Structures are given as C-alpha cells and as structure tokens.
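Some notes on the structure that comes next.
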Amino acid sequence: ESLQKLSYLTFANCESLTEITVPEQVTELGIMVFSGCTNLTEVYLNCAITELPIQPFNGCTNVEILTLPDTLTTICDNAFRGMGKLRQITLPEGLVSIGKSAFGGCSSLTAVAIPDSVTTVGDSAFLECTALETLTLGSGLQSIGYRCFEGCSSLTEVTLPASVTSIGDSAFKNCSALTAIVISGNISQMGESVFSGCKALAEVRFEEGVTAIDDELFRDCVSLVHVTLPESLQTI
C-alpha cells in the first residue's frame with residue numbers, strides 16, 4: 001500500500017509483459033516508465049496520477065486496451081504516440097491539456113471525444129490518425145495546435161466550438177474526407193494551410209467576426225463549391 005511512484009524506465013524493455021494494472025495508491029509515473037514493452041496489449045491506469053508524463057509507452061505499439069484515471073488533468077507530449085492498434089480511448093472529465101503528438105500515429109483510433117474541460121490540444125496531437133471518423137471538440141477548447149489533426153483522412157465532419165480562438169498552421173490539412181466546416185467569429189488567429197488538401201470539402205461558412213483569411217487556407221480543396229464570407233472580413 002506504500003507504493004506511490006513508478007520511476008523513470010521502471011519497466012522499460014520488459015518484452016514479455018502483456019498486461020499492466022497500476023493501482024490506485026500510485027500518484028506519479030516516471031518518463032518512459034513502460035518504454036519498449038513491445039508485447040504489452042492491455043493497460044489499466046487505476047491510479048491517482050494527475051499528469052501522464054512524456055513518452056510513458058514509447059515503442060508499445062501493440063496496446064489495444066487503455067484506460068485512464070479520472071484524476072488526470074495533463075497528457076504530456078508523445079504519451080501514446082505510435083499506438084497503432086489502439087481503437088478507442090475515453091478521456092476523463094477534468095482533463096485540461098493534451099500535449100504535442102500525444103496520439104500521433106494512432107492509426108486505428110476511430111473516435112475521440114475531447115471533454116469540455118480541455119482548453120488546449122497541442123501540435124500534431126492527432127497527426128495521421130487515419131481511421132478517426134468521429135471527433136467531438138469540447139465547449140471549453142480554446143487552442144488547436146499546428147498540424148493537430150493533419151492526415152485524419154477518415155474524418156468527415158468537424159464542429160468548431162465557439163470557445164476556439166486559435167487554430168495553428170495545417171491543423172486539418174489533408175483531412176481528405178471532410179465535407180463541410182463552420183468557422184466561428186471568435187477565432188482571432190488562424191494559421192496557414194489549415195484546410196489545405198481537404199479534397200472533399202464542399203462548403204465553408206465564416207461567421208461574423210472573422211477579419212482575416214491567411215495564406216493557402218483552402219489550397220487544393222478541389223470540391224469546394226460554396227463559401228460564405230462575413231461582412232467583418234477585412235483581409236484575404
């Protein structure tokens with residue numbers, strides 16, 4: 001009952017390990033704690049951690065089942081990167097931030113619901129999640145990072161909540177199945193090439209309040225037939 005921390009590289013390269021359950025008394029996980037556990041398929045984080053560190057599962061490419069604790073507020077960079085067999089994940093209410101490349105390359109992930117408590121989703125957080133079909137963005141989200149959802153080629157629909165004020169460069173680039181988007185007037189900063197290469201995108205509506213459209217925003221959107229621009233727009 002006294003175990004409270006799993007330190008840096010504690011179970012690294014334990015190649016025969018297939019399942020891990022972290023008990024509730026654990027409050028801290030070290031960086032790369034399960035790195036190189038190449039046959040790990042099931043992870044149950046039944047612990048009381050508030051932060052998931054950088055690369056805790058580096059190289060754990062066979063994980064199929066993963067549960068997160070309700071206490072979690074921060075997912076750090078590269079937390080689940082390259083988990084190509086992970087099909088679903090439930091993000092807990094109370095989560096505040098998702099780090100860079102956190103789910104990058106999770107190519108079997110089909111649905112993600114980002115809780116209302118999340119304010120920031122980092123650069124490349126869901127890069128090349130090619131099976132992602134359903135994406136729900138919470139009502140508290142403020143910032144979407146650079147290349148955040150780039151290459152999510154199965155994604156057909158995205159609703160940007162009114163709370164979003166910043167979208168990074170190439171955030172939805174090459175989301176080739178995306179068909180329509182509504183851009184809130186509260187967005188004060190939108191990067192270059194945000195929807196570039198969205199080849200199925202047919203309809204775009206800008207709400208009043210948008211003042212500028214940046215470079216290459218809709219480059220190579222070959223199906224785009226209907227764009228509604230607001231009177232507030234000043235610069236294209």
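Naming scheme: A, B, ... for chains in displayed order of the structure tokens; residues 1 onward per chain; ligands 1 onward as shown.
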Write out as a ChimeraX atom specification the residues lying within 9 Å of Glu231 (chain A), counting only C-alpha atoms and excluding same-chain residues fewer than 2 positions away.
/A:208-211,229,233-234
Please produce a file of the residues just selected, as a compact mmCIF listing (two decimals), in the first residue's frame, where the atoms kept are N, CA, C and O atoms.
# COMPACT_ATOMS: atom_id res chain seq x y z
N GLU A 208 -19.82 35.88 -38.62
CA GLU A 208 -19.45 37.27 -38.39
C GLU A 208 -18.43 37.38 -37.25
O GLU A 208 -18.57 36.70 -36.23
N GLY A 209 -17.43 38.21 -37.48
CA GLY A 209 -16.36 38.38 -36.51
C GLY A 209 -15.01 38.02 -37.08
O GLY A 209 -13.98 38.55 -36.66
N VAL A 210 -15.00 37.10 -38.05
CA VAL A 210 -13.74 36.74 -38.72
C VAL A 210 -13.27 37.94 -39.54
O VAL A 210 -14.03 38.50 -40.33
N THR A 211 -12.00 38.33 -39.35
CA THR A 211 -11.47 39.52 -40.03
C THR A 211 -10.43 39.21 -41.09
O THR A 211 -10.17 40.04 -41.96
N LEU A 229 -18.82 34.28 -46.86
CA LEU A 229 -17.88 35.19 -46.20
C LEU A 229 -18.65 36.22 -45.39
O LEU A 229 -19.70 36.72 -45.83
N LEU A 233 -15.05 40.56 -42.63
CA LEU A 233 -13.78 40.17 -43.25
C LEU A 233 -13.08 41.40 -43.85
O LEU A 233 -13.67 42.17 -44.60
N GLN A 234 -11.80 41.55 -43.52
CA GLN A 234 -11.01 42.67 -43.98
C GLN A 234 -9.87 42.28 -44.90
O GLN A 234 -9.50 43.03 -45.81
Residue contacts of Asp214 (chain A) (12 Å, only C-alpha atoms) excluding same-chain residues fewer than 5 positions away, as a PDB file with all heavy atoms, in the first residue's frame:
ATOM      1  N   ILE A 167      -6.263  28.591 -34.160  1.00  0.00           N
ATOM      2  CA  ILE A 167      -6.044  27.337 -34.891  1.00  0.00           C
ATOM      3  C   ILE A 167      -4.689  27.429 -35.573  1.00  0.00           C
ATOM      4  O   ILE A 167      -4.428  28.344 -36.348  1.00  0.00           O
ATOM      5  CB  ILE A 167      -7.146  27.081 -35.934  1.00  0.00           C
ATOM      6  CG1 ILE A 167      -8.518  27.038 -35.261  1.00  0.00           C
ATOM      7  CG2 ILE A 167      -6.891  25.771 -36.675  1.00  0.00           C
ATOM      8  CD1 ILE A 167      -9.668  26.853 -36.236  1.00  0.00           C
ATOM      9  N   GLY A 168      -3.815  26.486 -35.319  1.00  0.00           N
ATOM     10  CA  GLY A 168      -2.462  26.510 -35.847  1.00  0.00           C
ATOM     11  C   GLY A 168      -2.369  26.116 -37.310  1.00  0.00           C
ATOM     12  O   GLY A 168      -3.310  25.574 -37.903  1.00  0.00           O
ATOM     13  N   ASP A 169      -1.220  26.391 -37.920  1.00  0.00           N
ATOM     14  CA  ASP A 169      -0.950  26.034 -39.309  1.00  0.00           C
ATOM     15  C   ASP A 169      -1.255  24.557 -39.565  1.00  0.00           C
ATOM     16  O   ASP A 169      -0.920  23.691 -38.747  1.00  0.00           O
ATOM     17  CB  ASP A 169       0.525  26.274 -39.658  1.00  0.00           C
ATOM     18  CG  ASP A 169       0.928  27.739 -39.627  1.00  0.00           C
ATOM     19  OD1 ASP A 169       0.043  28.595 -39.466  1.00  0.00           O
ATOM     20  OD2 ASP A 169       2.138  28.004 -39.776  1.00  0.00           O
ATOM     21  N   SER A 170      -1.888  24.296 -40.707  1.00  0.00           N
ATOM     22  CA  SER A 170      -2.102  22.917 -41.197  1.00  0.00           C
ATOM     23  C   SER A 170      -2.883  22.038 -40.217  1.00  0.00           C
ATOM     24  O   SER A 170      -2.772  20.812 -40.254  1.00  0.00           O
ATOM     25  CB  SER A 170      -0.749  22.250 -41.502  1.00  0.00           C
ATOM     26  OG  SER A 170       0.016  23.019 -42.410  1.00  0.00           O
ATOM     27  N   SER A 188      -9.536  34.454 -33.530  1.00  0.00           N
ATOM     28  CA  SER A 188      -8.719  35.639 -33.799  1.00  0.00           C
ATOM     29  C   SER A 188      -7.406  35.301 -34.483  1.00  0.00           C
ATOM     30  O   SER A 188      -6.755  36.163 -35.064  1.00  0.00           O
ATOM     31  CB  SER A 188      -8.437  36.391 -32.486  1.00  0.00           C
ATOM     32  OG  SER A 188      -7.764  35.544 -31.565  1.00  0.00           O
ATOM     33  N   GLN A 189      -7.004  34.039 -34.404  1.00  0.00           N
ATOM     34  CA  GLN A 189      -5.742  33.622 -35.019  1.00  0.00           C
ATOM     35  C   GLN A 189      -5.926  32.294 -35.731  1.00  0.00           C
ATOM     36  O   GLN A 189      -6.231  31.284 -35.105  1.00  0.00           O
ATOM     37  CB  GLN A 189      -4.641  33.505 -33.966  1.00  0.00           C
ATOM     38  CG  GLN A 189      -3.278  33.120 -34.525  1.00  0.00           C
ATOM     39  CD  GLN A 189      -2.208  33.066 -33.445  1.00  0.00           C
ATOM     40  OE1 GLN A 189      -2.446  33.429 -32.302  1.00  0.00           O
ATOM     41  NE2 GLN A 189      -1.026  32.621 -33.816  1.00  0.00           N
ATOM     42  N   MET A 190      -5.775  32.314 -37.055  1.00  0.00           N
ATOM     43  CA  MET A 190      -5.880  31.100 -37.852  1.00  0.00           C
ATOM     44  C   MET A 190      -4.649  31.008 -38.754  1.00  0.00           C
ATOM     45  O   MET A 190      -4.360  31.930 -39.502  1.00  0.00           O
ATOM     46  CB  MET A 190      -7.165  31.100 -38.681  1.00  0.00           C
ATOM     47  CG  MET A 190      -7.367  29.813 -39.477  1.00  0.00           C
ATOM     48  SD  MET A 190      -8.911  29.807 -40.419  1.00  0.00           S
ATOM     49  CE  MET A 190     -10.097  29.844 -39.093  1.00  0.00           C
ATOM     50  N   GLY A 191      -3.935  29.921 -38.666  1.00  0.00           N
ATOM     51  CA  GLY A 191      -2.678  29.770 -39.381  1.00  0.00           C
ATOM     52  C   GLY A 191      -2.840  29.494 -40.863  1.00  0.00           C
ATOM     53  O   GLY A 191      -3.943  29.447 -41.407  1.00  0.00           O
ATOM     54  N   GLU A 192      -1.727  29.276 -41.512  1.00  0.00           N
ATOM     55  CA  GLU A 192      -1.694  28.960 -42.930  1.00  0.00           C
ATOM     56  C   GLU A 192      -2.088  27.503 -43.174  1.00  0.00           C
ATOM     57  O   GLU A 192      -1.868  26.636 -42.334  1.00  0.00           O
ATOM     58  CB  GLU A 192      -0.291  29.212 -43.495  1.00  0.00           C
ATOM     59  CG  GLU A 192       0.177  30.646 -43.409  1.00  0.00           C
ATOM     60  CD  GLU A 192       1.577  30.839 -43.976  1.00  0.00           C
ATOM     61  OE1 GLU A 192       2.162  29.850 -44.472  1.00  0.00           O
ATOM     62  OE2 GLU A 192       2.079  31.970 -43.907  1.00  0.00           O
ATOM     63  N   SER A 193      -2.680  27.261 -44.321  1.00  0.00           N
ATOM     64  CA  SER A 193      -2.939  25.899 -44.817  1.00  0.00           C
ATOM     65  C   SER A 193      -3.785  25.046 -43.874  1.00  0.00           C
ATOM     66  O   SER A 193      -3.669  23.830 -43.870  1.00  0.00           O
ATOM     67  CB  SER A 193      -1.610  25.170 -45.087  1.00  0.00           C
ATOM     68  OG  SER A 193      -0.793  25.902 -45.974  1.00  0.00           O
ATOM     69  N   VAL A 194      -4.645  25.688 -43.095  1.00  0.00           N
ATOM     70  CA  VAL A 194      -5.424  24.953 -42.093  1.00  0.00           C
ATOM     71  C   VAL A 194      -6.251  23.833 -42.720  1.00  0.00           C
ATOM     72  O   VAL A 194      -6.318  22.724 -42.197  1.00  0.00           O
ATOM     73  CB  VAL A 194      -6.331  25.907 -41.292  1.00  0.00           C
ATOM     74  CG1 VAL A 194      -7.296  25.120 -40.401  1.00  0.00           C
ATOM     75  CG2 VAL A 194      -5.487  26.832 -40.433  1.00  0.00           C
ATOM     76  N   PHE A 195      -6.876  24.116 -43.883  1.00  0.00           N
ATOM     77  CA  PHE A 195      -7.708  23.105 -44.550  1.00  0.00           C
ATOM     78  C   PHE A 195      -7.149  22.708 -45.922  1.00  0.00           C
ATOM     79  O   PHE A 195      -7.857  22.126 -46.742  1.00  0.00           O
ATOM     80  CB  PHE A 195      -9.137  23.625 -44.699  1.00  0.00           C
ATOM     81  CG  PHE A 195      -9.800  23.938 -43.390  1.00  0.00           C
ATOM     82  CD1 PHE A 195      -9.911  25.254 -42.945  1.00  0.00           C
ATOM     83  CD2 PHE A 195     -10.301  22.931 -42.579  1.00  0.00           C
ATOM     84  CE1 PHE A 195     -10.512  25.549 -41.733  1.00  0.00           C
ATOM     85  CE2 PHE A 195     -10.903  23.217 -41.362  1.00  0.00           C
ATOM     86  CZ  PHE A 195     -10.999  24.531 -40.932  1.00  0.00           C
ATOM     87  N   SER A 196      -5.905  22.987 -46.148  1.00  0.00           N
ATOM     88  CA  SER A 196      -5.275  22.639 -47.420  1.00  0.00           C
ATOM     89  C   SER A 196      -5.345  21.129 -47.670  1.00  0.00           C
ATOM     90  O   SER A 196      -5.113  20.320 -46.765  1.00  0.00           O
ATOM     91  CB  SER A 196      -3.811  23.088 -47.393  1.00  0.00           C
ATOM     92  OG  SER A 196      -3.134  22.689 -48.553  1.00  0.00           O
ATOM     93  N   ARG A 219      -6.111  25.681 -50.001  1.00  0.00           N
ATOM     94  CA  ARG A 219      -5.356  25.221 -51.169  1.00  0.00           C
ATOM     95  C   ARG A 219      -5.671  23.746 -51.469  1.00  0.00           C
ATOM     96  O   ARG A 219      -5.740  22.900 -50.577  1.00  0.00           O
ATOM     97  CB  ARG A 219      -3.859  25.375 -50.923  1.00  0.00           C
ATOM     98  CG  ARG A 219      -3.004  24.930 -52.094  1.00  0.00           C
ATOM     99  CD  ARG A 219      -1.534  25.203 -51.861  1.00  0.00           C
ATOM    100  NE  ARG A 219      -0.732  24.762 -52.989  1.00  0.00           N
ATOM    101  CZ  ARG A 219       0.586  24.930 -53.086  1.00  0.00           C
ATOM    102  NH1 ARG A 219       1.245  25.536 -52.102  1.00  0.00           N
ATOM    103  NH2 ARG A 219       1.233  24.506 -54.136  1.00  0.00           N
ATOM    104  N   LEU A 233     -15.055  40.557 -42.628  1.00  0.00           N
ATOM    105  CA  LEU A 233     -13.779  40.168 -43.250  1.00  0.00           C
ATOM    106  C   LEU A 233     -13.084  41.402 -43.854  1.00  0.00           C
ATOM    107  O   LEU A 233     -13.671  42.171 -44.597  1.00  0.00           O
ATOM    108  CB  LEU A 233     -14.037  39.127 -44.344  1.00  0.00           C
ATOM    109  CG  LEU A 233     -12.792  38.480 -44.966  1.00  0.00           C
ATOM    110  CD1 LEU A 233     -12.042  37.666 -43.925  1.00  0.00           C
ATOM    111  CD2 LEU A 233     -13.209  37.566 -46.129  1.00  0.00           C
ATOM    112  N   GLN A 234     -11.797  41.546 -43.518  1.00  0.00           N
ATOM    113  CA  GLN A 234     -11.010  42.674 -43.984  1.00  0.00           C
ATOM    114  C   GLN A 234      -9.868  42.276 -44.903  1.00  0.00           C
ATOM    115  O   GLN A 234      -9.499  43.030 -45.806  1.00  0.00           O
ATOM    116  CB  GLN A 234     -10.432  43.443 -42.781  1.00  0.00           C
ATOM    117  CG  GLN A 234     -11.477  44.021 -41.847  1.00  0.00           C
ATOM    118  CD  GLN A 234     -10.865  44.628 -40.587  1.00  0.00           C
ATOM    119  OE1 GLN A 234      -9.660  44.837 -40.503  1.00  0.00           O
ATOM    120  NE2 GLN A 234     -11.714  44.919 -39.613  1.00  0.00           N
ATOM    121  N   THR A 235      -9.309  41.087 -44.685  1.00  0.00           N
ATOM    122  CA  THR A 235      -8.109  40.683 -45.422  1.00  0.00           C
ATOM    123  C   THR A 235      -8.217  39.241 -45.885  1.00  0.00           C
ATOM    124  O   THR A 235      -8.570  38.370 -45.120  1.00  0.00           O
ATOM    125  CB  THR A 235      -6.851  40.824 -44.544  1.00  0.00           C
ATOM    126  OG1 THR A 235      -6.788  42.160 -44.033  1.00  0.00           O
ATOM    127  CG2 THR A 235      -5.601  40.543 -45.355  1.00  0.00           C
ATOM    128  N   ILE A 236      -7.867  39.045 -47.171  1.00  0.00           N
ATOM    129  CA  ILE A 236      -7.766  37.682 -47.715  1.00  0.00           C
ATOM    130  C   ILE A 236      -6.352  37.526 -48.279  1.00  0.00           C
ATOM    131  O   ILE A 236      -5.922  38.325 -49.104  1.00  0.00           O
ATOM    132  CB  ILE A 236      -8.803  37.431 -48.823  1.00  0.00           C
ATOM    133  CG1 ILE A 236     -10.214  37.537 -48.236  1.00  0.00           C
ATOM    134  CG2 ILE A 236      -8.598  36.043 -49.437  1.00  0.00           C
ATOM    135  CD1 ILE A 236     -11.315  37.334 -49.252  1.00  0.00           C
TER     136      ILE A 236
END
CA of Gln4 (chain A) to CA of Val33 (chain A) measures 13.8 Å
Let me make sure I understand: among A:Val121, A:Ala131, A:Val22, A:Val204, which one has the smallest atom-to-atom distance to Cys175 (chain A) if we use only C-alpha atoms?
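That would be A:Ala131, the residue with the smallest distance to Cys175 (chain A).
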Determine which residues of region 47-216 of chain A receive a DSSP assignment of strand (DSSP E), computed from the backbone, and state them as a PyMOL selection string.
chain A and resi 51-52+65-67+74-75+97-98+111-113+120-121+134-136+143-144+166-167+180-183+189-190+203-206
Skip Ser2 (chain A) itself and residues of its chain fewer than 3 positions away, then list as a PyMOL selection string all residues within 12 Å of it, counting only C-alpha atoms.
chain A and resi 5-6+23-27
Can you spit out the residues from that selection as a PDB file, in the first residue's frame, using all heavy atoms?
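Writing done, so here's result26.pdb:
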ATOM      1  N   LYS A   5       4.963   5.790  -6.438  1.00  0.00           N
ATOM      2  CA  LYS A   5       5.604   6.267  -7.660  1.00  0.00           C
ATOM      3  C   LYS A   5       6.267   5.124  -8.426  1.00  0.00           C
ATOM      4  O   LYS A   5       6.919   4.268  -7.833  1.00  0.00           O
ATOM      5  CB  LYS A   5       6.661   7.331  -7.316  1.00  0.00           C
ATOM      6  CG  LYS A   5       7.409   7.863  -8.519  1.00  0.00           C
ATOM      7  CD  LYS A   5       8.444   8.903  -8.114  1.00  0.00           C
ATOM      8  CE  LYS A   5       9.211   9.416  -9.332  1.00  0.00           C
ATOM      9  NZ  LYS A   5      10.238  10.435  -8.954  1.00  0.00           N
ATOM     10  N   LEU A   6       6.066   5.139  -9.743  1.00  0.00           N
ATOM     11  CA  LEU A   6       6.839   4.286 -10.648  1.00  0.00           C
ATOM     12  C   LEU A   6       7.812   5.202 -11.364  1.00  0.00           C
ATOM     13  O   LEU A   6       7.400   6.122 -12.070  1.00  0.00           O
ATOM     14  CB  LEU A   6       5.924   3.574 -11.639  1.00  0.00           C
ATOM     15  CG  LEU A   6       4.872   2.629 -11.058  1.00  0.00           C
ATOM     16  CD1 LEU A   6       4.058   1.994 -12.170  1.00  0.00           C
ATOM     17  CD2 LEU A   6       5.517   1.553 -10.195  1.00  0.00           C
ATOM     18  N   PRO A  23      -2.072   0.418  -9.582  1.00  0.00           N
ATOM     19  CA  PRO A  23      -3.057   0.544  -8.502  1.00  0.00           C
ATOM     20  C   PRO A  23      -3.323   1.979  -8.076  1.00  0.00           C
ATOM     21  O   PRO A  23      -2.561   2.902  -8.374  1.00  0.00           O
ATOM     22  CB  PRO A  23      -2.410  -0.249  -7.358  1.00  0.00           C
ATOM     23  CG  PRO A  23      -0.944  -0.167  -7.624  1.00  0.00           C
ATOM     24  CD  PRO A  23      -0.799  -0.167  -9.118  1.00  0.00           C
ATOM     25  N   GLU A  24      -4.404   2.153  -7.330  1.00  0.00           N
ATOM     26  CA  GLU A  24      -4.918   3.477  -7.018  1.00  0.00           C
ATOM     27  C   GLU A  24      -4.001   4.322  -6.143  1.00  0.00           C
ATOM     28  O   GLU A  24      -4.066   5.552  -6.181  1.00  0.00           O
ATOM     29  CB  GLU A  24      -6.289   3.357  -6.348  1.00  0.00           C
ATOM     30  CG  GLU A  24      -6.289   2.579  -5.050  1.00  0.00           C
ATOM     31  CD  GLU A  24      -7.693   2.452  -4.473  1.00  0.00           C
ATOM     32  OE1 GLU A  24      -8.607   3.108  -4.999  1.00  0.00           O
ATOM     33  OE2 GLU A  24      -7.854   1.705  -3.495  1.00  0.00           O
ATOM     34  N   GLN A  25      -3.110   3.698  -5.354  1.00  0.00           N
ATOM     35  CA  GLN A  25      -2.248   4.492  -4.475  1.00  0.00           C
ATOM     36  C   GLN A  25      -1.100   5.178  -5.216  1.00  0.00           C
ATOM     37  O   GLN A  25      -0.462   6.081  -4.678  1.00  0.00           O
ATOM     38  CB  GLN A  25      -1.675   3.633  -3.342  1.00  0.00           C
ATOM     39  CG  GLN A  25      -0.689   2.557  -3.760  1.00  0.00           C
ATOM     40  CD  GLN A  25      -1.356   1.216  -3.963  1.00  0.00           C
ATOM     41  OE1 GLN A  25      -2.547   1.150  -4.290  1.00  0.00           O
ATOM     42  NE2 GLN A  25      -0.605   0.145  -3.749  1.00  0.00           N
ATOM     43  N   VAL A  26      -0.863   4.787  -6.471  1.00  0.00           N
ATOM     44  CA  VAL A  26       0.207   5.414  -7.255  1.00  0.00           C
ATOM     45  C   VAL A  26      -0.243   6.801  -7.710  1.00  0.00           C
ATOM     46  O   VAL A  26      -1.304   6.961  -8.319  1.00  0.00           O
ATOM     47  CB  VAL A  26       0.581   4.550  -8.475  1.00  0.00           C
ATOM     48  CG1 VAL A  26       1.571   5.292  -9.388  1.00  0.00           C
ATOM     49  CG2 VAL A  26       1.195   3.234  -8.014  1.00  0.00           C
ATOM     50  N   THR A  27       0.588   7.804  -7.419  1.00  0.00           N
ATOM     51  CA  THR A  27       0.261   9.190  -7.760  1.00  0.00           C
ATOM     52  C   THR A  27       1.216   9.799  -8.780  1.00  0.00           C
ATOM     53  O   THR A  27       1.004  10.927  -9.223  1.00  0.00           O
ATOM     54  CB  THR A  27       0.273  10.075  -6.496  1.00  0.00           C
ATOM     55  OG1 THR A  27       1.576   9.992  -5.872  1.00  0.00           O
ATOM     56  CG2 THR A  27      -0.786   9.623  -5.508  1.00  0.00           C
TER      57      THR A  27
END
Region 108-180 of chain A residues near region 80-104 of chain A within 10 Å, closest pair each, using only C-alpha atoms, as a Markdown table:
| residue | atom | partner | partner_atom | distance |
| --- | --- | --- | --- | --- |
| A:Ser108 | CA | A:Arg87 | CA | 5.0 |
| A:Leu109 | CA | A:Arg87 | CA | 4.1 |
| A:Thr110 | CA | A:Arg87 | CA | 5.9 |
| A:Ala111 | CA | A:Gln88 | CA | 6.3 |
| A:Val112 | CA | A:Ile89 | CA | 6.9 |
| A:Ala113 | CA | A:Leu91 | CA | 7.0 |
| A:Ile114 | CA | A:Leu91 | CA | 6.6 |
| A:Pro115 | CA | A:Glu93 | CA | 5.6 |
| A:Asp116 | CA | A:Glu93 | CA | 7.3 |
| A:Ser117 | CA | A:Gly94 | CA | 5.4 |
| A:Val118 | CA | A:Val96 | CA | 4.0 |
| A:Thr119 | CA | A:Val96 | CA | 5.7 |
| A:Thr120 | CA | A:Ser97 | CA | 5.0 |
| A:Val121 | CA | A:Ile98 | CA | 4.8 |
| A:Gly122 | CA | A:Lys100 | CA | 4.5 |
| A:Asp123 | CA | A:Lys100 | CA | 4.7 |
| A:Ser124 | CA | A:Ser101 | CA | 4.7 |
| A:Ala125 | CA | A:Ser101 | CA | 4.0 |
| A:Phe126 | CA | A:Gly104 | CA | 4.7 |
| A:Leu127 | CA | A:Gly104 | CA | 4.6 |
| A:Glu128 | CA | A:Gly104 | CA | 6.2 |
| A:Cys129 | CA | A:Gly104 | CA | 6.6 |
| A:Thr130 | CA | A:Gly104 | CA | 10.0 |
| A:Ala131 | CA | A:Arg87 | CA | 8.8 |
| A:Leu132 | CA | A:Arg87 | CA | 9.2 |
| A:Gly140 | CA | A:Val96 | CA | 9.3 |
| A:Leu141 | CA | A:Val96 | CA | 9.1 |
| A:Ser143 | CA | A:Ser97 | CA | 9.9 |
| A:Gly145 | CA | A:Lys100 | CA | 8.2 |
| A:Tyr146 | CA | A:Lys100 | CA | 9.2 |
| A:Arg147 | CA | A:Ser101 | CA | 9.4 |
| A:Cys148 | CA | A:Ser101 | CA | 8.0 |
| A:Phe149 | CA | A:Gly104 | CA | 8.9 |
| A:Glu150 | CA | A:Gly104 | CA | 9.7 |
Could you write out the selected residues, including N, CA and C atoms, as a CSV table (one decimal), in the first residue's frame?
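Saved as selection.csv:
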chain,number,residue,atom,x,y,z
A,108,SER,N,-5.4,3.3,-35.7
A,108,SER,CA,-6.6,2.5,-35.6
A,108,SER,C,-7.7,3.2,-34.8
A,109,LEU,N,-7.4,4.4,-34.2
A,109,LEU,CA,-8.3,5.1,-33.4
A,109,LEU,C,-9.5,5.6,-34.2
A,110,THR,N,-10.7,5.3,-33.8
A,110,THR,CA,-11.9,5.6,-34.7
A,110,THR,C,-12.7,6.8,-34.1
A,111,ALA,N,-12.6,7.0,-32.8
A,111,ALA,CA,-13.5,8.1,-32.3
A,111,ALA,C,-12.8,8.7,-31.1
A,112,VAL,N,-12.9,10.1,-31.0
A,112,VAL,CA,-12.3,10.8,-29.9
A,112,VAL,C,-13.3,11.9,-29.4
A,113,ALA,N,-13.6,11.9,-28.1
A,113,ALA,CA,-14.4,13.0,-27.6
A,113,ALA,C,-13.6,13.7,-26.6
A,114,ILE,N,-13.3,15.0,-26.9
A,114,ILE,CA,-12.5,15.8,-26.1
A,114,ILE,C,-13.4,16.5,-25.1
A,115,PRO,N,-13.2,16.3,-23.8
A,115,PRO,CA,-14.1,16.9,-22.8
A,115,PRO,C,-14.1,18.4,-22.8
A,116,ASP,N,-15.2,18.9,-22.2
A,116,ASP,CA,-15.4,20.4,-22.1
A,116,ASP,C,-14.3,21.0,-21.3
A,117,SER,N,-13.7,20.3,-20.4
A,117,SER,CA,-12.6,20.8,-19.5
A,117,SER,C,-11.3,21.1,-20.2
A,118,VAL,N,-11.1,20.5,-21.4
A,118,VAL,CA,-9.8,20.7,-22.1
A,118,VAL,C,-9.8,22.1,-22.8
A,119,THR,N,-8.7,22.8,-22.6
A,119,THR,CA,-8.5,24.1,-23.2
A,119,THR,C,-7.5,24.1,-24.3
A,120,THR,N,-6.6,23.2,-24.3
A,120,THR,CA,-5.5,23.2,-25.3
A,120,THR,C,-5.3,21.8,-25.8
A,121,VAL,N,-5.2,21.7,-27.2
A,121,VAL,CA,-4.8,20.4,-27.8
A,121,VAL,C,-3.5,20.8,-28.6
A,122,GLY,N,-2.4,20.2,-28.3
A,122,GLY,CA,-1.1,20.6,-28.8
A,122,GLY,C,-0.8,20.2,-30.3
A,123,ASP,N,0.4,20.7,-30.7
A,123,ASP,CA,0.8,20.4,-32.1
A,123,ASP,C,0.8,18.9,-32.4
A,124,SER,N,0.3,18.6,-33.5
A,124,SER,CA,0.4,17.2,-34.0
A,124,SER,C,-0.2,16.2,-33.1
A,125,ALA,N,-1.1,16.6,-32.2
A,125,ALA,CA,-1.7,15.7,-31.2
A,125,ALA,C,-2.4,14.5,-31.7
A,126,PHE,N,-3.0,14.6,-32.9
A,126,PHE,CA,-3.7,13.5,-33.5
A,126,PHE,C,-3.3,13.3,-35.0
A,127,LEU,N,-2.1,13.7,-35.2
A,127,LEU,CA,-1.5,13.6,-36.6
A,127,LEU,C,-1.6,12.2,-37.1
A,128,GLU,N,-2.1,12.1,-38.3
A,128,GLU,CA,-2.1,10.8,-39.0
A,128,GLU,C,-2.9,9.7,-38.3
A,129,CYS,N,-4.0,10.1,-37.6
A,129,CYS,CA,-4.9,9.2,-37.1
A,129,CYS,C,-5.9,8.8,-38.2
A,130,THR,N,-5.5,8.0,-39.1
A,130,THR,CA,-6.1,7.8,-40.4
A,130,THR,C,-7.5,7.1,-40.3
A,131,ALA,N,-7.8,6.4,-39.2
A,131,ALA,CA,-9.1,5.8,-39.0
A,131,ALA,C,-10.1,6.6,-38.3
A,132,LEU,N,-9.7,7.8,-37.8
A,132,LEU,CA,-10.5,8.6,-37.0
A,132,LEU,C,-11.7,9.2,-37.8
A,140,GLY,N,-15.1,24.0,-24.0
A,140,GLY,CA,-14.1,24.8,-23.4
A,140,GLY,C,-12.8,25.0,-24.2
A,141,LEU,N,-12.7,24.3,-25.3
A,141,LEU,CA,-11.5,24.3,-26.1
A,141,LEU,C,-11.1,25.7,-26.7
A,143,SER,N,-7.6,26.4,-28.0
A,143,SER,CA,-6.4,26.4,-28.9
A,143,SER,C,-6.3,25.1,-29.5
A,145,GLY,N,-3.6,23.1,-32.0
A,145,GLY,CA,-2.2,23.3,-32.4
A,145,GLY,C,-1.9,23.0,-33.8
A,146,TYR,N,-0.7,23.3,-34.2
A,146,TYR,CA,-0.1,23.1,-35.5
A,146,TYR,C,-0.2,21.6,-35.9
A,147,ARG,N,-0.7,21.4,-37.1
A,147,ARG,CA,-0.8,20.0,-37.6
A,147,ARG,C,-1.6,19.1,-36.7
A,148,CYS,N,-2.5,19.6,-35.9
A,148,CYS,CA,-3.1,18.9,-34.8
A,148,CYS,C,-3.9,17.6,-35.4
A,149,PHE,N,-4.7,17.8,-36.4
A,149,PHE,CA,-5.5,16.7,-37.0
A,149,PHE,C,-5.1,16.4,-38.4
A,150,GLU,N,-3.9,16.9,-38.8
A,150,GLU,CA,-3.5,16.7,-40.2
A,150,GLU,C,-3.4,15.2,-40.5
So what do you get for CA of Ile181 (chain A) versus CA of Glu157 (chain A), distance-wise?
7.3 Å
Find the residues near Leu68 (chain A): any atom within 10 Å, counting only C-alpha atoms, skip ones fewer than 3 places away on the same chain, and give them as a list of chain:residue names.
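My reading of the contact set: A:Val43, A:Tyr44, A:Leu45, A:Asn46, A:Cys47, A:Ala48, A:Ile49, A:Leu52, A:Thr71, A:Leu72, A:Ile89, A:Thr90, A:Leu91, A:Pro92.
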One decimal place gives the CA of Ile65 (chain A)-CA of Thr10 (chain A) separation as 20.8 Å
Given only C-alpha atoms as the counted atoms, nearest of A:Asp77, A:Glu64, A:Glu19, A:Glu207 to Met32 (chain A)
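Of A:Asp77, A:Glu64, A:Glu19, A:Glu207, the one nearest Met32 (chain A), counting only C-alpha atoms, is A:Asp77.
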For Leu160 (chain A), which of A:Ile144, A:Leu9, A:Ala177, A:Val182 is the closest residue, counting only C-alpha atoms?
A:Val182
